[in-house]
Amino acid sequence: MPNPLTRTGNNRKEYAMTDVFKGSFTQQESIPEEGIAAAVEVMRSGRLHRYNLVGDEVGETGLLEREFAAYTGARYALAVASGGYAMATALRAVGVRPGQKVLTNAFTLAPVPGAIASVGAVPVFVGVTEDLVIDLDDLEAKSDQADILMLSHMRGHLCDMERLMEICDRAGITVLEDCAHTMGAAWKGRASGRWGKVGCYSTQTYKHMNSGEGGFLVTDDDEIAARATMLSGSYMLYGRNGTVPPEEIFADVKYETPNVSGRMDHLRAAILRPQLARLDSQCAAWNARYRKVEEGLRGTPGLRLVERPEEERFVGSSIQFLLLDWDETAVGEVVARCLRRGVELKWFGGAEPVGFTSRYDSWRYAPSEPMPKSDRILKSILDMRLPLTFSLEDCALIARIIRAEVGAVWQGAQA
Ligand SMILES: *Cc1c(COP(=O)(O)O)cnc(C)c1O
């Protein structure tokens with residue numbers, strides 16, 4: 001008996017129910033050859049520590065900081081050990097104290113509330129909309145509860161940044177941005193990470209540049225930059241950083257700021273510099289893949305895509321769709337059926353934290369009020385990485401598989 005889903009295709013393969021995807025969702029591209037060569041040179045030199053410099057040499061880490069500052073248009077860039085470290089450092093550098101409340105997204109990854117907790121502060125979660133951005137009405141309602149917002153551009157979705165800044169400016173809230181998924185993205189032409197006081201980035205393997213572990217913090221603020229530099233473990237060698245605030249800014253800062261070691265070394269910086277040089281073309285390659293999957297999923301009954309606003313320049317290194325108001329068994333069935341055909345979907349709303357996913361209510365160190373509107377959305381989010389090792393044909397196949405399996409479960413539920 002012909003399957004109803006195979007009937008309408010003019011291309012037989014397009015609706016075949018048996019195709020299996022063989023690629024790996026965790027396989028990133030290799031490091032560019034120039035990066036490998038530069039890394040080998042650093043290893044040959046034996047001088048891996050960022051302050052192990054000869055004469056007035058800037059070194060790979062300092063050069064990377066200059067290049068990242070130029071790329072983002074920030075006055076200062078500081079290369080550090082991880083994205084989570086960049087966030088904790090930003091919180092410390094703006095003066096967050098133990099016990100202080102910090103607003104943040106309910107839809108984000110564990111290192112975000114983790115960074116807040118690491119400085120002894122207390123996360124206050126703000127809801128998520130069907131467009132997977134922070135709920136600005138909820139933010140407004142909670143704006144009197146804290147004077148810092150750690151804004152996570154989770155999965156690369158940028159909210160209306162003008163409205164967010166208006167709300168925060170009015171309430172005297174300092175905005176810090178978690179740009180782990182938005183390196184290379186912008187809202188109305190202004191780069192993500194450049195709206196708030198500080199932008200934090202990750203160069204961990206699954207982000208837009210890959211040094212295994214690593215991160216950046218960018219800011220235009222002299223004092224924040226000086227404190228972050230001291231915090232990162234510069235000792236009194238801060239003058240050797242790639243971008244350095246004027247000496248007088250350090251007058252008190254250098255005595256008052258604890259050293260919380262989290263530097264980046266030359267080896268990672270050497271790997272990252274050629275990746276930064278080609279970041280924009282990588283972003284274009286991600287978006288081509290994203291659009292391919294999106295196109296293949298569009299119009300699937302029961303499945304909601306997240307429409308990207310015109311103001312947003314995004315980086316489609318992952319894609320999300322919503323199965324809104326599906327019951328949990330059916331969502332679980334979609335995940336299982338796709339997995340059998342080689343397509344790994346992550347279910348952010350699953351009741352138990354699995355792999356990289358978790359829900360705000362699974363972070364028990366940060367008690368939260370129930371958020372029914374957000375829970376409805378979180379429960380419906382399915383997520384998939386789109387590594388650049390996938391071809392456009394791979395992406396089309398992945399979309400066909402999801403379309404067929406969502407369709408099959410949906411039809412079963414209607415029957
Ligand atoms: C990966 C990630 C981070 C933290 O980056 P690390 O470099 O792994 O510490 C922060 N926020 C989000 C949303 C992330 O995905």
# chains A, B, ... in the order shown; residues from 1 in each chain; ligands from 1
>>> select_by_dssp(residues="region 88-243 of chain A", states="helix (DSSP H, G or I)", output="NGL selection string")
:A and (88-93 or 111-118 or 136-142 or 154-156 or 161-171 or 222-231 or 238-240)
>>> closest_atom_pairs(of="chain A", to="ligand 1", cutoff="9 Å", atoms="only C-alpha atoms and all ligand atoms", output="CSV")
residue,atom,partner,partner_atom_place_in_ligand_line,distance
A:Ala81,CA,ligand 1,7 (O),7.6
A:Ser82,CA,ligand 1,7 (O),3.9
A:Gly83,CA,ligand 1,7 (O),3.5
A:Gly84,CA,ligand 1,9 (O),3.5
A:Tyr85,CA,ligand 1,9 (O),6.2
A:Ala86,CA,ligand 1,9 (O),7.8
A:Met87,CA,ligand 1,10 (C),7.8
A:Phe107,CA,ligand 1,13 (C),8.9
A:Thr108,CA,ligand 1,13 (C),5.4
A:Leu109,CA,ligand 1,13 (C),4.9
A:Ala110,CA,ligand 1,11 (N),7.4
A:Pro111,CA,ligand 1,10 (C),5.2
A:Val112,CA,ligand 1,11 (N),5.4
A:Ala115,CA,ligand 1,10 (C),8.7
A:Ser152,CA,ligand 1,13 (C),6.0
A:His153,CA,ligand 1,13 (C),6.8
A:Met154,CA,ligand 1,13 (C),5.0
A:Arg155,CA,ligand 1,13 (C),6.8
A:Gly156,CA,ligand 1,13 (C),8.5
A:Asp178,CA,ligand 1,11 (N),5.8
A:Cys179,CA,ligand 1,11 (N),7.1
A:Ala180,CA,ligand 1,12 (C),4.9
A:His181,CA,ligand 1,15 (O),6.3
A:Cys200,CA,ligand 1,10 (C),8.3
A:Tyr201,CA,ligand 1,5 (O),7.1
A:Ser202,CA,ligand 1,7 (O),4.2
A:Thr203,CA,ligand 1,7 (O),5.9
A:Gln204,CA,ligand 1,7 (O),4.8
A:Thr205,CA,ligand 1,8 (O),8.3
A:Tyr206,CA,ligand 1,1 (C),7.4
A:Lys207,CA,ligand 1,1 (C),6.9
A:Gly212,CA,ligand 1,7 (O),8.6
A:Glu213,CA,ligand 1,7 (O),5.8
A:Gly214,CA,ligand 1,7 (O),5.6
A:Gly215,CA,ligand 1,7 (O),5.8
A:Phe356,CA,ligand 1,15 (O),8.6
>>> residues_around(residues="Tyr290 (chain A)", least_positions_apart="6", cutoff="10 Å", atoms="only C-alpha atoms", output="number ranges by chain")
A: 284, 296, 315-320, 385-386, 392, 395-396
>>> atom_distance(atom1="CA of Val94 (chain A)", atom2="CA of Ile224 (chain A)")
6.3 Å
>>> closest_residue(among="A:Val253, A:Met161, A:Leu323, A:Leu176", to="Lys188 (chain A)", atoms="only C-alpha atoms")
A:Met161
>>> residues_around(residues="Arg298 (chain A)", least_positions_apart="2", cutoff="12 Å", atoms="only C-alpha atoms", output="ChimeraX atom specification")
/A:291-296,300-307,321,396,399-400,402-403
>>> write_last_selection(atoms="N, CA and C atoms", output="CSV table (one decimal), in the first residue's frame")
chain,number,residue,atom,x,y,z
A,291,ARG,N,18.8,27.7,5.3
A,291,ARG,CA,17.7,28.0,4.4
A,291,ARG,C,17.2,26.8,3.7
A,292,LYS,N,18.1,25.9,3.4
A,292,LYS,CA,17.8,24.6,2.8
A,292,LYS,C,16.9,23.8,3.7
A,293,VAL,N,17.2,23.6,4.9
A,293,VAL,CA,16.4,22.9,5.9
A,293,VAL,C,15.0,23.6,6.0
A,294,GLU,N,15.1,24.9,6.2
A,294,GLU,CA,13.9,25.7,6.4
A,294,GLU,C,12.9,25.5,5.3
A,295,GLU,N,13.5,25.6,4.0
A,295,GLU,CA,12.6,25.4,2.8
A,295,GLU,C,12.0,24.0,2.8
A,296,GLY,N,12.8,23.0,3.2
A,296,GLY,CA,12.2,21.6,3.2
A,296,GLY,C,11.2,21.4,4.3
A,300,THR,N,5.0,22.0,6.7
A,300,THR,CA,4.8,20.7,7.3
A,300,THR,C,3.6,20.8,8.4
A,301,PRO,N,2.5,20.1,8.2
A,301,PRO,CA,1.4,20.2,9.2
A,301,PRO,C,1.9,20.0,10.6
A,302,GLY,N,1.4,20.9,11.5
A,302,GLY,CA,1.7,20.7,12.9
A,302,GLY,C,3.1,21.2,13.3
A,303,LEU,N,3.9,21.7,12.4
A,303,LEU,CA,5.2,22.1,12.7
A,303,LEU,C,5.3,23.6,12.4
A,304,ARG,N,5.9,24.3,13.4
A,304,ARG,CA,6.0,25.8,13.3
A,304,ARG,C,7.5,26.2,13.2
A,305,LEU,N,7.8,26.9,12.1
A,305,LEU,CA,9.1,27.4,11.9
A,305,LEU,C,9.2,28.7,12.6
A,306,VAL,N,10.4,29.1,13.0
A,306,VAL,CA,10.6,30.5,13.6
A,306,VAL,C,11.0,31.4,12.4
A,307,GLU,N,10.1,32.3,12.1
A,307,GLU,CA,10.4,33.3,11.0
A,307,GLU,C,11.4,34.3,11.4
A,321,PHE,N,12.6,24.2,15.4
A,321,PHE,CA,11.2,24.3,15.1
A,321,PHE,C,10.3,23.9,16.3
A,396,ALA,N,18.9,19.0,2.6
A,396,ALA,CA,17.6,18.7,2.0
A,396,ALA,C,17.1,17.3,2.4
A,399,ALA,N,15.8,17.5,6.0
A,399,ALA,CA,14.5,18.1,6.0
A,399,ALA,C,13.4,17.1,5.6
A,400,ARG,N,13.7,16.4,4.5
A,400,ARG,CA,12.7,15.4,4.0
A,400,ARG,C,12.4,14.3,5.1
A,402,ILE,N,12.7,14.7,8.4
A,402,ILE,CA,11.9,15.3,9.5
A,402,ILE,C,10.4,15.5,9.0
A,403,ARG,N,10.3,16.0,7.8
A,403,ARG,CA,9.0,16.3,7.3
A,403,ARG,C,8.1,15.0,7.3
>>> closest_residue(among="A:Ala37, A:Ile167, A:Leu78, A:Ile134", to="Gly62 (chain A)", atoms="only C-alpha atoms")
A:Leu78
>>> closest_residue(among="A:Arg273, A:Ala39, A:Ala146, A:Ile401", to="Arg340 (chain A)", atoms="only C-alpha atoms")
A:Ile401
>>> residues_around(residues="Asp137 (chain A)", least_positions_apart="2", cutoff="10 Å", atoms="only C-alpha atoms", output="list of chain:residue names")
A:Val126, A:Gly127, A:Thr129, A:Ile134, A:Asp135, A:Leu139, A:Glu140, A:Ala141, A:Lys142, A:Ser143, A:Leu164, A:Ile167
>>> decode(residues="region 130-142 of chain A", atoms="all heavy atoms", output="mmCIF file, in the first residue's frame")
data_model
loop_
_atom_site.group_PDB
_atom_site.id
_atom_site.type_symbol
_atom_site.label_atom_id
_atom_site.label_comp_id
_atom_site.auth_asym_id
_atom_site.auth_seq_id
_atom_site.Cartn_x
_atom_site.Cartn_y
_atom_site.Cartn_z
ATOM 1 N N GLU A 130 7.251 32.657 21.266
ATOM 2 C CA GLU A 130 7.209 31.643 20.198
ATOM 3 C C GLU A 130 8.287 31.893 19.153
ATOM 4 O O GLU A 130 8.596 31.014 18.356
ATOM 5 C CB GLU A 130 5.838 31.652 19.512
ATOM 6 C CG GLU A 130 4.757 31.075 20.396
ATOM 7 C CD GLU A 130 3.389 31.017 19.713
ATOM 8 O OE1 GLU A 130 3.328 31.091 18.463
ATOM 9 O OE2 GLU A 130 2.383 30.902 20.437
ATOM 10 N N ASP A 131 8.841 33.098 19.116
ATOM 11 C CA ASP A 131 9.949 33.378 18.196
ATOM 12 C C ASP A 131 11.296 33.040 18.823
ATOM 13 O O ASP A 131 12.351 33.334 18.263
ATOM 14 C CB ASP A 131 9.913 34.848 17.765
ATOM 15 C CG ASP A 131 8.640 35.154 16.999
ATOM 16 O OD1 ASP A 131 8.196 34.291 16.224
ATOM 17 O OD2 ASP A 131 8.072 36.256 17.196
ATOM 18 N N LEU A 132 11.247 32.427 20.003
ATOM 19 C CA LEU A 132 12.429 31.942 20.734
ATOM 20 C C LEU A 132 13.352 33.051 21.209
ATOM 21 O O LEU A 132 14.557 32.838 21.412
ATOM 22 C CB LEU A 132 13.199 30.888 19.921
ATOM 23 C CG LEU A 132 12.387 29.655 19.541
ATOM 24 C CD1 LEU A 132 13.307 28.568 18.981
ATOM 25 C CD2 LEU A 132 11.581 29.116 20.713
ATOM 26 N N VAL A 133 12.777 34.246 21.386
ATOM 27 C CA VAL A 133 13.560 35.339 21.975
ATOM 28 C C VAL A 133 12.995 35.678 23.353
ATOM 29 O O VAL A 133 11.899 35.243 23.718
ATOM 30 C CB VAL A 133 13.554 36.604 21.086
ATOM 31 C CG1 VAL A 133 14.258 36.316 19.769
ATOM 32 C CG2 VAL A 133 12.142 37.131 20.873
ATOM 33 N N ILE A 134 13.748 36.466 24.086
ATOM 34 C CA ILE A 134 13.321 36.883 25.420
ATOM 35 C C ILE A 134 11.984 37.619 25.316
ATOM 36 O O ILE A 134 11.754 38.397 24.388
ATOM 37 C CB ILE A 134 14.422 37.760 26.069
ATOM 38 C CG1 ILE A 134 14.158 37.969 27.552
ATOM 39 C CG2 ILE A 134 14.567 39.099 25.335
ATOM 40 C CD1 ILE A 134 15.379 38.521 28.308
ATOM 41 N N ASP A 135 11.081 37.342 26.248
ATOM 42 C CA ASP A 135 9.764 37.965 26.261
ATOM 43 C C ASP A 135 9.906 39.377 26.852
ATOM 44 O O ASP A 135 10.099 39.540 28.058
ATOM 45 C CB ASP A 135 8.824 37.092 27.104
ATOM 46 C CG ASP A 135 7.417 37.660 27.191
ATOM 47 O OD1 ASP A 135 7.228 38.862 26.896
ATOM 48 O OD2 ASP A 135 6.512 36.892 27.567
ATOM 49 N N LEU A 136 9.814 40.372 25.979
ATOM 50 C CA LEU A 136 10.107 41.745 26.418
ATOM 51 C C LEU A 136 9.045 42.277 27.385
ATOM 52 O O LEU A 136 9.341 43.129 28.223
ATOM 53 C CB LEU A 136 10.283 42.662 25.205
ATOM 54 C CG LEU A 136 11.521 42.333 24.351
ATOM 55 C CD1 LEU A 136 11.575 43.205 23.106
ATOM 56 C CD2 LEU A 136 12.810 42.457 25.152
ATOM 57 N N ASP A 137 7.822 41.770 27.287
ATOM 58 C CA ASP A 137 6.794 42.181 28.257
ATOM 59 C C ASP A 137 7.145 41.639 29.639
ATOM 60 O O ASP A 137 7.010 42.338 30.649
ATOM 61 C CB ASP A 137 5.405 41.679 27.829
ATOM 62 C CG ASP A 137 4.965 42.324 26.517
ATOM 63 O OD1 ASP A 137 5.412 43.462 26.239
ATOM 64 O OD2 ASP A 137 4.219 41.675 25.760
ATOM 65 N N ASP A 138 7.580 40.391 29.666
ATOM 66 C CA ASP A 138 7.985 39.787 30.937
ATOM 67 C C ASP A 138 9.217 40.517 31.495
ATOM 68 O O ASP A 138 9.313 40.760 32.700
ATOM 69 C CB ASP A 138 8.282 38.295 30.719
ATOM 70 C CG ASP A 138 8.364 37.529 32.040
ATOM 71 O OD1 ASP A 138 7.664 37.919 33.000
ATOM 72 O OD2 ASP A 138 9.137 36.547 32.114
ATOM 73 N N LEU A 139 10.137 40.893 30.599
ATOM 74 C CA LEU A 139 11.324 41.625 31.029
ATOM 75 C C LEU A 139 10.903 42.948 31.672
ATOM 76 O O LEU A 139 11.408 43.327 32.733
ATOM 77 C CB LEU A 139 12.257 41.893 29.835
ATOM 78 C CG LEU A 139 13.488 42.758 30.141
ATOM 79 C CD1 LEU A 139 14.430 42.055 31.124
ATOM 80 C CD2 LEU A 139 14.246 43.109 28.853
ATOM 81 N N GLU A 140 9.979 43.631 31.010
ATOM 82 C CA GLU A 140 9.505 44.907 31.527
ATOM 83 C C GLU A 140 8.867 44.710 32.910
ATOM 84 O O GLU A 140 9.137 45.465 33.841
ATOM 85 C CB GLU A 140 8.498 45.525 30.548
ATOM 86 C CG GLU A 140 8.244 46.980 30.805
ATOM 87 C CD GLU A 140 7.880 47.725 29.511
ATOM 88 O OE1 GLU A 140 7.284 47.102 28.604
ATOM 89 O OE2 GLU A 140 8.187 48.928 29.436
ATOM 90 N N ALA A 141 8.059 43.660 33.021
ATOM 91 C CA ALA A 141 7.380 43.397 34.290
ATOM 92 C C ALA A 141 8.385 43.100 35.410
ATOM 93 O O ALA A 141 8.128 43.398 36.575
ATOM 94 C CB ALA A 141 6.412 42.227 34.124
ATOM 95 N N LYS A 142 9.530 42.502 35.068
ATOM 96 C CA LYS A 142 10.514 42.119 36.093
ATOM 97 C C LYS A 142 11.654 43.129 36.220
ATOM 98 O O LYS A 142 12.612 42.893 36.967
ATOM 99 C CB LYS A 142 11.080 40.734 35.757
ATOM 100 C CG LYS A 142 10.028 39.637 35.941
ATOM 101 C CD LYS A 142 10.482 38.274 35.457
ATOM 102 C CE LYS A 142 9.394 37.230 35.757
ATOM 103 N NZ LYS A 142 9.577 35.985 34.991
#
